[in-house]
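Listing of protein_13.cif, mmCIF, C-alpha atoms and all ligand atoms
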data_entry
loop_
_atom_site.label_atom_id
_atom_site.label_comp_id
_atom_site.auth_asym_id
_atom_site.auth_seq_id
_atom_site.Cartn_x
_atom_site.Cartn_y
_atom_site.Cartn_z
CA MET F 143 -22.45 -1.58 153.38
CA SER F 144 -24.27 -4.78 154.33
CA THR F 145 -26.63 -6.49 151.87
CA PRO F 146 -30.13 -4.99 152.04
CA ARG F 147 -32.86 -7.09 153.59
CA LEU F 148 -35.88 -7.81 151.40
CA GLU F 149 -39.31 -8.17 152.93
CA ILE F 150 -42.23 -9.70 151.00
CA ILE F 151 -45.73 -9.07 152.29
CA GLU F 152 -47.27 -12.22 150.87
CA GLN F 153 -50.89 -11.33 151.47
CA TYR F 154 -50.48 -8.21 149.27
CA CYS F 155 -48.53 -9.74 146.39
CA LYS F 156 -50.71 -10.29 143.30
CA GLY F 157 -48.02 -12.00 141.26
CA CYS F 158 -47.68 -9.42 138.48
CA SER F 159 -43.90 -10.14 138.20
CA ILE F 160 -43.00 -6.46 137.63
CA CYS F 161 -40.39 -6.59 140.41
CA VAL F 162 -38.88 -9.80 139.01
CA GLU F 163 -38.55 -8.48 135.46
CA PHE F 164 -36.98 -5.13 136.33
CA CYS F 165 -34.53 -6.29 139.03
CA PRO F 166 -31.10 -5.68 137.49
CA THR F 167 -29.42 -8.54 139.38
CA ASN F 168 -32.08 -11.29 139.20
CA VAL F 169 -32.65 -11.46 142.92
CA LEU F 170 -36.30 -12.37 142.56
CA GLU F 171 -38.30 -15.12 140.86
CA MET F 172 -41.93 -16.02 140.53
CA ASP F 173 -43.14 -19.06 142.41
CA GLY F 174 -46.55 -19.50 140.85
CA PHE F 175 -48.44 -16.31 141.67
CA LEU F 176 -46.12 -15.24 144.47
CA VAL F 177 -42.76 -13.52 144.32
CA LYS F 178 -39.81 -15.25 145.98
CA VAL F 179 -36.38 -13.98 146.98
CA VAL F 180 -33.99 -16.49 145.41
CA ARG F 181 -30.60 -14.69 145.42
CA PRO F 182 -30.67 -12.27 148.37
CA GLU F 183 -26.89 -11.88 148.33
CA ALA F 184 -27.06 -10.31 144.84
CA CYS F 185 -29.29 -7.42 145.94
CA ILE F 186 -27.67 -4.02 145.35
CA GLY F 187 -30.43 -2.05 147.10
CA CYS F 188 -31.41 -0.09 143.97
CA MET F 189 -35.07 0.05 145.15
CA GLN F 190 -36.45 -0.61 141.64
CA CYS F 191 -38.63 -3.45 142.92
CA GLU F 192 -40.10 -1.48 145.79
CA LEU F 193 -40.68 1.61 143.62
CA ARG F 194 -42.55 -0.29 140.89
CA CYS F 195 -44.53 -2.80 142.92
CA PRO F 196 -48.14 -1.60 142.49
CA ASP F 197 -49.23 -3.48 145.61
CA PHE F 198 -47.01 -2.39 148.53
CA ALA F 199 -45.83 -6.02 148.64
CA ILE F 200 -42.05 -5.69 148.62
CA LYS F 201 -39.82 -3.61 150.86
CA VAL F 202 -36.06 -3.06 150.72
CA HIS F 203 -34.56 -2.44 154.16
CA LYS F 204 -31.10 -0.94 154.21
CA ASP F 205 -30.58 -0.65 157.96
CA MET C 33 -34.39 3.22 152.67
CA SER C 34 -37.80 1.60 152.39
CA PHE C 35 -40.48 4.27 152.30
CA ASP C 36 -43.09 4.18 155.09
CA TYR C 37 -46.35 4.29 153.10
CA ASP C 38 -48.36 3.08 156.09
CA LYS C 39 -48.43 6.47 157.74
CA TYR C 40 -50.53 7.80 154.83
CA LEU C 41 -52.74 4.74 154.25
CA ARG C 42 -56.04 4.07 155.96
CA PRO C 43 -55.52 0.96 158.10
CA GLY C 44 -56.98 -2.33 156.93
CA LYS C 45 -57.65 -1.25 153.31
CA LEU C 46 -54.98 -3.32 151.57
CA PRO C 47 -54.81 -5.26 149.35
CA HIS C 48 -56.42 -2.68 147.06
CA ILE C 49 -59.02 -3.60 144.43
CA TRP C 50 -56.81 -2.98 141.39
CA CYS C 51 -55.89 -5.91 139.13
CA PRO C 52 -52.43 -7.52 139.22
CA GLY C 53 -49.98 -5.12 137.58
CA CYS C 54 -52.43 -2.20 137.28
CA GLY C 55 -50.39 1.01 137.07
CA HIS C 56 -52.69 2.92 139.40
CA GLY C 57 -50.91 1.35 142.40
CA ILE C 58 -47.57 2.69 141.16
CA ILE C 59 -49.07 6.18 140.85
CA LEU C 60 -50.66 5.97 144.31
CA LYS C 61 -47.24 5.26 145.81
CA GLY C 62 -45.64 8.11 143.87
CA LEU C 63 -48.35 10.48 145.05
CA LEU C 64 -47.70 9.55 148.69
CA ARG C 65 -43.94 10.06 148.31
CA ALA C 66 -44.63 13.48 146.77
CA ILE C 67 -46.97 14.47 149.59
CA ASP C 68 -44.31 13.36 152.06
CA ALA C 69 -41.60 15.37 150.29
CA CYS C 70 -43.82 18.47 150.41
CA GLU C 71 -44.64 17.80 154.09
CA LEU C 72 -48.35 18.40 153.53
CA ASN C 73 -50.45 18.37 156.67
CA LYS C 74 -53.11 15.62 156.45
CA ASP C 75 -55.87 17.75 157.94
CA ASN C 76 -55.13 20.61 155.59
CA THR C 77 -55.10 18.45 152.46
CA ALA C 78 -58.04 17.30 150.33
CA ILE C 79 -57.80 14.58 147.69
CA VAL C 80 -60.70 14.53 145.26
CA SER C 81 -61.70 12.07 142.56
CA GLY C 82 -64.53 11.23 140.19
CA ILE C 83 -65.42 7.69 139.10
CA GLY C 84 -63.32 4.92 137.60
CA CYS C 85 -60.62 2.50 138.73
CA ALA C 86 -58.13 5.38 139.10
CA SER C 87 -60.75 7.35 141.01
CA ARG C 88 -60.81 4.67 143.71
CA LEU C 89 -57.44 5.98 144.89
CA PRO C 90 -58.66 8.43 147.58
CA GLY C 91 -60.38 5.57 149.40
CA TYR C 92 -57.01 4.23 150.48
CA VAL C 93 -55.42 7.36 151.83
CA ASP C 94 -55.70 9.09 155.18
CA PHE C 95 -56.53 12.67 154.14
CA ASN C 96 -59.76 14.60 153.64
CA THR C 97 -61.05 12.66 150.65
CA LEU C 98 -63.97 13.10 148.32
CA HIS C 99 -65.14 10.45 145.84
CA THR C 100 -67.58 12.36 143.64
CA ALA C 101 -69.55 11.95 140.41
CA HIS C 102 -68.05 10.78 137.12
CA GLY C 103 -66.09 13.59 135.48
CA ARG C 104 -66.87 16.12 138.20
CA ALA C 105 -63.74 15.92 140.34
CA ALA C 106 -62.34 19.24 139.11
CA ALA C 107 -65.65 20.98 139.82
CA PHE C 108 -65.84 19.66 143.40
CA ALA C 109 -62.17 20.46 143.93
CA THR C 110 -62.78 24.00 142.69
CA GLY C 111 -65.53 24.34 145.30
CA ILE C 112 -63.22 23.18 148.10
CA LYS C 113 -60.42 25.50 147.04
CA MET C 114 -62.76 28.50 146.73
CA ALA C 115 -64.25 27.86 150.18
CA LYS C 116 -60.90 27.10 151.84
CA PRO C 117 -58.08 28.61 149.77
CA GLU C 118 -55.58 27.71 152.50
CA MET C 119 -56.08 23.99 151.83
CA ASN C 120 -53.89 21.88 149.57
CA VAL C 121 -56.24 20.47 146.97
CA LEU C 122 -55.29 17.47 144.84
CA VAL C 123 -57.34 15.67 142.21
CA VAL C 124 -56.74 12.16 140.91
CA GLY C 125 -58.57 10.30 138.20
CA GLY C 126 -58.48 8.52 134.90
CA ASP C 127 -58.35 9.61 131.27
CA GLY C 128 -62.04 8.82 130.80
CA ASP C 129 -63.07 10.66 133.94
CA GLY C 130 -60.82 13.63 133.27
CA VAL C 131 -61.00 14.33 129.55
CA ALA C 132 -64.04 12.44 128.24
CA ILE C 133 -67.06 13.08 130.48
CA GLY C 134 -65.05 15.53 132.61
CA GLY C 135 -63.29 17.37 129.79
CA ASN C 136 -65.33 20.49 130.29
CA HIS C 137 -64.48 20.83 133.99
CA PHE C 138 -60.87 19.95 133.27
CA ILE C 139 -60.29 22.69 130.67
CA HIS C 140 -62.00 25.34 132.74
CA ALA C 141 -59.97 24.53 135.85
CA CYS C 142 -56.90 24.95 133.61
CA ARG C 143 -58.24 28.20 132.18
CA ARG C 144 -58.87 29.65 135.63
CA ASN C 145 -55.43 28.66 136.86
CA ILE C 146 -56.87 27.66 140.20
CA ASP C 147 -54.23 26.46 142.66
CA MET C 148 -54.61 22.69 142.63
CA THR C 149 -52.67 19.62 141.56
CA TYR C 150 -54.39 17.29 139.11
CA VAL C 151 -52.80 13.85 138.71
CA ILE C 152 -54.32 12.15 135.69
CA CYS C 153 -53.76 8.42 135.29
CA ASN C 154 -53.89 7.87 131.54
CA ASN C 155 -54.25 4.16 130.78
CA PHE C 156 -55.83 4.87 127.36
CA ILE C 157 -59.13 3.16 128.23
CA TYR C 158 -62.24 3.04 130.40
CA GLY C 159 -60.86 0.31 132.65
CA MET C 160 -63.62 0.07 135.23
CA THR C 161 -66.50 -0.52 132.84
CA GLY C 162 -64.84 -3.19 130.71
CA GLY C 163 -62.56 -1.43 128.27
CA GLN C 164 -64.58 0.98 126.14
CA PHE C 165 -62.38 3.36 124.11
CA SER C 166 -61.58 6.73 125.64
CA PRO C 167 -60.41 9.95 123.93
CA CYS C 168 -56.90 8.71 124.73
CA THR C 169 -57.12 5.29 123.10
CA PRO C 170 -54.49 5.29 120.34
CA THR C 171 -55.89 5.41 116.79
CA GLY C 172 -56.19 1.91 115.37
CA ASP C 173 -56.14 0.17 118.76
CA ARG C 174 -58.80 -2.19 119.99
CA ALA C 175 -61.26 -1.54 122.76
CA SER C 176 -64.49 -3.39 123.58
CA THR C 177 -66.33 -0.74 121.55
CA THR C 178 -63.81 -0.61 118.70
CA PRO C 179 -63.27 -4.29 117.85
CA TYR C 180 -62.09 -3.38 114.32
CA GLY C 181 -59.73 -0.67 115.48
CA ASN C 182 -60.32 2.82 116.86
CA PRO C 183 -60.96 5.35 114.06
CA ASP C 184 -60.63 8.40 116.35
CA PRO C 185 -57.64 10.70 116.69
CA VAL C 186 -56.32 10.98 120.27
CA PHE C 187 -56.30 13.69 122.87
CA ASP C 188 -52.82 14.53 124.12
CA ILE C 189 -53.78 15.37 127.70
CA SER C 190 -50.67 17.41 128.47
CA GLN C 191 -51.03 19.52 125.32
CA LEU C 192 -54.73 19.95 126.04
CA ALA C 193 -53.86 21.24 129.53
CA ILE C 194 -51.26 23.65 128.17
CA GLY C 195 -53.66 24.91 125.51
CA ALA C 196 -56.40 25.41 128.08
CA GLY C 197 -54.14 27.47 130.33
CA ALA C 198 -52.65 25.22 133.03
CA THR C 199 -49.49 26.89 134.32
CA PHE C 200 -47.60 23.70 135.24
CA VAL C 201 -47.78 20.60 133.05
CA ALA C 202 -45.62 17.50 133.34
CA ARG C 203 -45.68 13.93 132.07
CA SER C 204 -44.20 10.62 133.12
CA THR C 205 -45.06 6.92 132.96
CA SER C 206 -45.55 4.03 135.37
CA PHE C 207 -42.18 2.63 134.27
CA HIS C 208 -40.49 5.82 135.50
CA ALA C 209 -41.70 5.35 139.06
CA ALA C 210 -38.89 7.37 140.61
CA GLN C 211 -39.81 10.38 138.44
CA ILE C 212 -43.51 10.33 139.36
CA ASP C 213 -43.04 11.69 142.88
CA LYS C 214 -40.59 14.37 141.75
CA LEU C 215 -43.04 15.75 139.17
CA ILE C 216 -46.06 15.59 141.46
CA ALA C 217 -44.06 17.36 144.20
CA GLU C 218 -43.12 20.12 141.72
CA GLY C 219 -46.78 20.39 140.82
CA ILE C 220 -47.82 20.67 144.48
CA ARG C 221 -45.25 23.43 145.07
CA HIS C 222 -46.41 25.33 141.99
CA LYS C 223 -48.96 28.06 142.62
CA GLY C 224 -51.72 27.62 140.07
CA MET C 225 -53.20 24.76 138.11
CA ALA C 226 -50.70 21.89 137.88
CA VAL C 227 -51.47 18.90 135.68
CA ILE C 228 -49.31 15.81 135.96
CA GLU C 229 -50.15 13.21 133.34
CA ILE C 230 -48.92 9.73 134.18
CA LEU C 231 -49.20 7.16 131.41
CA ASP C 232 -50.00 3.82 133.01
CA ASP C 233 -51.43 0.48 132.15
CA CYS C 234 -54.64 -1.42 132.27
CA PRO C 235 -53.42 -4.91 131.43
CA THR C 236 -56.92 -6.31 131.96
CA THR C 237 -58.99 -4.39 129.43
CA TYR C 238 -56.44 -2.68 127.18
CA GLY C 239 -53.27 -4.78 127.20
CA ARG C 240 -55.02 -8.05 126.54
CA ARG C 241 -56.86 -6.71 123.46
CA ASN C 242 -53.82 -5.01 122.03
CA LYS C 243 -51.39 -7.91 121.91
CA PHE C 244 -49.33 -7.14 124.96
CA ARG C 245 -48.33 -10.44 126.56
CA SER C 246 -48.03 -8.92 130.00
CA VAL C 247 -47.99 -5.70 131.96
CA VAL C 248 -44.19 -5.96 131.89
CA ASP C 249 -44.30 -5.72 128.09
CA MET C 250 -46.51 -2.65 128.42
CA MET C 251 -44.04 -1.01 130.80
CA LYS C 252 -41.12 -1.86 128.52
CA ARG C 253 -42.73 0.08 125.69
CA PHE C 254 -42.85 3.15 127.97
CA LYS C 255 -39.16 2.65 128.66
CA GLU C 256 -38.44 2.54 124.91
CA GLN C 257 -40.73 5.40 123.92
CA ALA C 258 -39.85 7.90 126.64
CA VAL C 259 -37.73 10.90 125.67
CA PRO C 260 -36.82 13.54 128.29
CA VAL C 261 -37.81 17.13 127.40
CA ALA C 262 -34.23 18.35 126.94
CA LYS C 263 -33.50 15.63 124.40
CA ALA C 264 -36.85 16.06 122.66
CA GLU C 265 -36.07 19.73 122.01
CA LYS C 266 -33.26 18.65 119.69
CA MET C 267 -35.41 16.16 117.79
CA SER C 268 -37.57 16.70 114.70
CA LYS C 269 -41.33 16.22 114.66
CA GLU C 270 -40.86 13.02 112.65
CA GLU C 271 -38.32 11.65 115.12
CA LEU C 272 -40.74 12.35 117.94
CA ASP C 273 -43.52 10.44 116.23
CA SER C 274 -44.60 7.59 118.53
CA LYS C 275 -42.32 8.88 121.29
CA ILE C 276 -43.48 10.07 124.72
CA VAL C 277 -41.93 13.33 125.91
CA THR C 278 -41.41 13.17 129.69
CA GLY C 279 -40.56 15.72 132.36
CA ILE C 280 -41.79 19.26 132.93
CA LEU C 281 -43.39 20.31 129.64
CA HIS C 282 -44.62 23.74 130.63
CA ARG C 283 -44.27 26.20 133.48
CA GLU C 284 -45.35 29.84 133.67
CA GLU C 285 -46.51 32.35 136.26
CA ARG C 286 -50.01 33.75 135.89
CA PRO C 287 -52.46 35.23 138.45
CA GLU C 288 -54.08 32.49 140.51
CA TYR C 289 -57.87 32.25 140.57
CA CYS C 290 -58.58 32.32 144.33
CA GLU C 291 -56.41 35.39 144.70
CA GLN C 292 -58.18 37.10 141.80
CA TYR C 293 -61.51 36.23 143.36
CA ALA C 294 -60.44 37.56 146.77
CA GLN C 295 -59.63 40.80 144.97
CA VAL C 296 -63.18 40.96 143.59
CA VAL C 297 -64.57 40.45 147.13
CA LYS C 298 -62.33 43.22 148.42
CA THR C 299 -63.43 45.61 145.67
CA ALA C 300 -67.10 44.84 146.24
CA ARG C 301 -66.77 45.38 150.01
CA SER C 302 -65.08 48.73 149.55
CA LEU C 303 -67.93 50.17 147.48
C1 LIG K 401 -72.55 9.60 134.56
C2 LIG K 401 -71.83 8.30 134.42
N1 LIG K 401 -71.60 7.79 133.19
C3 LIG K 401 -70.95 6.64 133.04
C4 LIG K 401 -70.51 5.95 134.13
C5 LIG K 401 -69.80 4.63 133.93
N2 LIG K 401 -68.37 4.70 134.15
C6 LIG K 401 -67.82 4.42 135.34
S1 LIG K 401 -66.16 4.52 135.33
C7 LIG K 401 -66.16 4.96 133.68
C8 LIG K 401 -64.88 5.18 132.92
C9 LIG K 401 -63.67 5.32 133.75
O1 LIG K 401 -62.54 5.43 132.95
P1 LIG K 401 -61.25 6.19 133.46
O2 LIG K 401 -61.61 7.47 134.06
O3 LIG K 401 -60.27 6.22 132.35
O4 LIG K 401 -60.74 5.27 134.66
P2 LIG K 401 -60.04 3.83 134.67
O5 LIG K 401 -61.13 2.90 135.10
O6 LIG K 401 -59.52 3.56 133.32
O7 LIG K 401 -58.98 3.97 135.69
C10 LIG K 401 -67.45 5.02 133.17
C11 LIG K 401 -67.77 5.33 131.77
C12 LIG K 401 -70.75 6.49 135.40
N3 LIG K 401 -70.30 5.90 136.53
N4 LIG K 401 -71.39 7.67 135.52
S1 LIG K 402 -33.42 -3.53 145.46
FE1 LIG K 402 -32.78 -3.67 143.31
S2 LIG K 402 -31.33 -5.34 143.31
FE2 LIG K 402 -32.45 -5.53 145.22
S3 LIG K 402 -34.14 -6.93 144.73
FE3 LIG K 402 -34.90 -4.87 144.43
S4 LIG K 402 -34.59 -4.46 142.24
FE4 LIG K 402 -33.31 -6.23 142.79
S1 LIG K 403 -44.32 -6.27 141.88
FE1 LIG K 403 -45.32 -6.54 143.89
S2 LIG K 403 -47.28 -7.55 143.45
FE2 LIG K 403 -45.96 -7.76 141.62
S3 LIG K 403 -44.96 -9.76 141.91
FE3 LIG K 403 -43.58 -8.20 142.76
S4 LIG K 403 -44.11 -8.09 144.94
FE4 LIG K 403 -45.79 -9.18 143.92
S1 LIG K 404 -59.61 -2.93 135.03
FE1 LIG K 404 -57.71 -1.97 134.34
S2 LIG K 404 -57.67 0.06 135.28
FE2 LIG K 404 -59.16 -1.19 136.40
S3 LIG K 404 -58.04 -2.09 138.11
FE3 LIG K 404 -58.00 -3.58 136.43
S4 LIG K 404 -56.08 -3.12 135.34
FE4 LIG K 404 -56.55 -1.33 136.62
MG MG K 405 -58.67 4.98 132.02
#
Is it possible to express this structure as structure tokens?
Amino acid sequence: MSTPRLEIIEQYCKGCSICVEFCPTNVLEMDGFLVKVVRPEACIGCMQCELRCPDFAIKVHKD
Amino acid sequence: MSFDYDKYLRPGKLPHIWCPGCGHGIILKGLLRAIDACELNKDNTAIVSGIGCASRLPGYVDFNTLHTAHGRAAAFATGIKMAKPEMNVLVVGGDGDGVAIGGNHFIHACRRNIDMTYVICNNFIYGMTGGQFSPCTPTGDRASTTPYGNPDPVFDISQLAIGAGATFVARSTSFHAAQIDKLIAEGIRHKGMAVIEILDDCPTTYGRRNKFRSVVDMMKRFKEQAVPVAKAEKMSKEELDSKIVTGILHREERPEYCEQYAQVVKTARSL
């Protein structure tokens, strides 16, 4: 299986850092009040970030 | 696979008004996944709310929606269901809306066992109006109206619903996002009054006053406190103190209100 592709919808992200804190493989980091994908290769596609983001701002594509 | 929320959202409404980290957004997404799993037809589905931050939810979704008066969502929803029993009727709202000002409507909808699904977003506070204590604010905690600590005992919404007669009652938290849709979907499929209590967070008016450094800290406490029903059954009352029992807490079959009412109409017509 190829590495999932992460999509950040920047205009929706409110910088709560929920996705960053609960990602099991530290793929994400905060860059001020915006989330940033810093280690895309470590993503295991567990969907935890997408499920918990309150703002529809992060999507995990596994196509 | 990424879930396509867009097909259920009204275009151009995002970003929503909720604060960064507010749990209501997590519940909104769970509700949409549940509706999708149950394949509800948009035109045959009504989503009703009262007033509060949680009650803003219907404004974002592409169904028949009704944003009503504070505490009156269950009453309006009862009206819709009685007039159009074939419709799927869902209610969403906060702890203040549902069991403070709306407590009366809430218990009687439970008592009647009318076929609807009530998703109650319990963030332990009146978020919208600046953090006054609600019947769900934990004893001792601080709210804008209890600066020295809340002296009141709390309402356990799920137990209240069971006591009042709801025939499906379940509980989860905003940390357990993947469980939210499963429980709401079970509630939608259940015939009768289904109450799904989701504990969530208001970092802005509750977290801040109660020494949580962030919404992440608030969600971590849900992770630590949650005990699934099956495990809870083997634990003592003392062990369950300060725990949150999650999952389906109650399920029974009892005559549904609209069907009972249709029977009355039939009897009256035959006289
Ligand atoms: C009749 C009436 N009384 C009081 C209010 C003020 N008011 C608006 S929202 C609210 C509390 C909402 O709390 P809750 O239902 O828990 O929702 P939350 O904002 O926490 O999501 C109150 C008291 C009102 N709008 N109408
Ligand atoms: S899908 Fe899982 S591993 Fe990938 S970024 Fe999201 S939380 Fe991290
Ligand atoms: S959870 Fe969503 S809103 Fe919060 S930082 Fe991550 S992408 Fe942004
Ligand atoms: S005030 Fe509280 S409940 Fe209202 S949107 Fe902000 S965090 Fe959510
Ligand atoms: Mg509330």
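Among C:Tyr180, C:Phe35, C:Tyr92, C:Phe244, the residue with the shortest atom-to-atom distance to chain F, counting only C-alpha atoms, is C:Phe35.
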Inset, instruction - Quick one: everything within 9 Å of stretch 280-286 of chain C, counting only C-alpha atoms, minus sequence neighbours fewer than 2 positions away in the same chain. Send it as a VMD selection string. - result: chain C and resid 145 190 to 191 194 198 to 204 215 218 222 to 224 226 228 260 to 261 277 to 278 288
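Closest to ligand MG 405 (chain K) among C:Lys263, C:Arg88, C:Lys45, C:Lys252 is C:Arg88, based on all atoms listed in the file.
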Legend entry - stretch 162-171 of chain F environment, 8 Å, only C-alpha atoms, sequence neighbours closer than 6 positions dropped, as a PyMOL selection string: (chain F and resi 177-186+190-191) or (chain C and resi 248)
Inset, instruction - Please report as a ChimeraX atom specification which residues of chain C come no farther than 9 Å from chain F, using only C-alpha atoms. - result: /C:33-35,37,46-48,50-62,206-210,246-248,251
Legend entry - Surrounding residues as a ChimeraX atom specification, ligand MG 405 (chain K), max 12 Å, all atoms listed in the file: /C:54-56,82-88,103,124-133,152-169,175,229-238
Incomplete stretch 178-197 of chain F brought to N, CA and C atoms, written out as a PDB file, keeping the file's coordinate frame:
ATOM      1  N   LYS F 178     -40.705 -14.581 145.028  1.00  0.00           N
ATOM      2  CA  LYS F 178     -39.810 -15.250 145.980  1.00  0.00           C
ATOM      3  C   LYS F 178     -38.418 -14.650 145.856  1.00  0.00           C
ATOM      4  N   VAL F 179     -37.761 -14.465 146.980  1.00  0.00           N
ATOM      5  CA  VAL F 179     -36.380 -13.980 146.980  1.00  0.00           C
ATOM      6  C   VAL F 179     -35.483 -15.211 146.802  1.00  0.00           C
ATOM      7  N   VAL F 180     -34.809 -15.289 145.653  1.00  0.00           N
ATOM      8  CA  VAL F 180     -33.990 -16.490 145.410  1.00  0.00           C
ATOM      9  C   VAL F 180     -32.491 -16.240 145.527  1.00  0.00           C
ATOM     10  N   ARG F 181     -32.051 -14.976 145.313  1.00  0.00           N
ATOM     11  CA  ARG F 181     -30.600 -14.690 145.420  1.00  0.00           C
ATOM     12  C   ARG F 181     -30.393 -13.426 146.252  1.00  0.00           C
ATOM     13  N   PRO F 182     -30.732 -13.481 147.535  1.00  0.00           N
ATOM     14  CA  PRO F 182     -30.670 -12.270 148.370  1.00  0.00           C
ATOM     15  C   PRO F 182     -29.298 -11.622 148.388  1.00  0.00           C
ATOM     16  N   GLU F 183     -28.259 -12.414 148.261  1.00  0.00           N
ATOM     17  CA  GLU F 183     -26.890 -11.880 148.330  1.00  0.00           C
ATOM     18  C   GLU F 183     -26.565 -10.983 147.129  1.00  0.00           C
ATOM     19  N   ALA F 184     -27.338 -11.108 146.035  1.00  0.00           N
ATOM     20  CA  ALA F 184     -27.060 -10.310 144.840  1.00  0.00           C
ATOM     21  C   ALA F 184     -27.727  -8.933 144.873  1.00  0.00           C
ATOM     22  N   CYS F 185     -28.541  -8.683 145.881  1.00  0.00           N
ATOM     23  CA  CYS F 185     -29.290  -7.420 145.940  1.00  0.00           C
ATOM     24  C   CYS F 185     -28.357  -6.221 146.138  1.00  0.00           C
ATOM     25  N   ILE F 186     -28.511  -5.218 145.273  1.00  0.00           N
ATOM     26  CA  ILE F 186     -27.670  -4.020 145.350  1.00  0.00           C
ATOM     27  C   ILE F 186     -28.441  -2.835 145.971  1.00  0.00           C
ATOM     28  N   GLY F 187     -29.656  -3.096 146.416  1.00  0.00           N
ATOM     29  CA  GLY F 187     -30.430  -2.050 147.100  1.00  0.00           C
ATOM     30  C   GLY F 187     -30.851  -0.900 146.201  1.00  0.00           C
ATOM     31  N   CYS F 188     -31.080  -1.172 144.915  1.00  0.00           N
ATOM     32  CA  CYS F 188     -31.410  -0.090 143.970  1.00  0.00           C
ATOM     33  C   CYS F 188     -32.852   0.404 144.126  1.00  0.00           C
ATOM     34  N   MET F 189     -33.669  -0.337 144.858  1.00  0.00           N
ATOM     35  CA  MET F 189     -35.070   0.050 145.150  1.00  0.00           C
ATOM     36  C   MET F 189     -36.035  -0.087 143.979  1.00  0.00           C
ATOM     37  N   GLN F 190     -35.567  -0.547 142.826  1.00  0.00           N
ATOM     38  CA  GLN F 190     -36.450  -0.610 141.640  1.00  0.00           C
ATOM     39  C   GLN F 190     -37.684  -1.472 141.904  1.00  0.00           C
ATOM     40  N   CYS F 191     -37.492  -2.554 142.640  1.00  0.00           N
ATOM     41  CA  CYS F 191     -38.630  -3.450 142.920  1.00  0.00           C
ATOM     42  C   CYS F 191     -39.653  -2.748 143.801  1.00  0.00           C
ATOM     43  N   GLU F 192     -39.177  -2.145 144.873  1.00  0.00           N
ATOM     44  CA  GLU F 192     -40.100  -1.480 145.790  1.00  0.00           C
ATOM     45  C   GLU F 192     -40.828  -0.324 145.093  1.00  0.00           C
ATOM     46  N   LEU F 193     -40.085   0.462 144.300  1.00  0.00           N
ATOM     47  CA  LEU F 193     -40.680   1.610 143.620  1.00  0.00           C
ATOM     48  C   LEU F 193     -41.792   1.197 142.651  1.00  0.00           C
ATOM     49  N   ARG F 194     -41.589   0.083 141.941  1.00  0.00           N
ATOM     50  CA  ARG F 194     -42.550  -0.290 140.890  1.00  0.00           C
ATOM     51  C   ARG F 194     -43.625  -1.263 141.327  1.00  0.00           C
ATOM     52  N   CYS F 195     -43.487  -1.858 142.494  1.00  0.00           N
ATOM     53  CA  CYS F 195     -44.530  -2.800 142.920  1.00  0.00           C
ATOM     54  C   CYS F 195     -45.833  -2.020 143.107  1.00  0.00           C
ATOM     55  N   PRO F 196     -46.895  -2.369 142.362  1.00  0.00           N
ATOM     56  CA  PRO F 196     -48.140  -1.600 142.490  1.00  0.00           C
ATOM     57  C   PRO F 196     -48.891  -1.928 143.784  1.00  0.00           C
ATOM     58  N   ASP F 197     -48.436  -2.938 144.514  1.00  0.00           N
ATOM     59  CA  ASP F 197     -49.230  -3.480 145.610  1.00  0.00           C
ATOM     60  C   ASP F 197     -48.622  -3.384 147.011  1.00  0.00           C
TER      61      ASP F 197
END
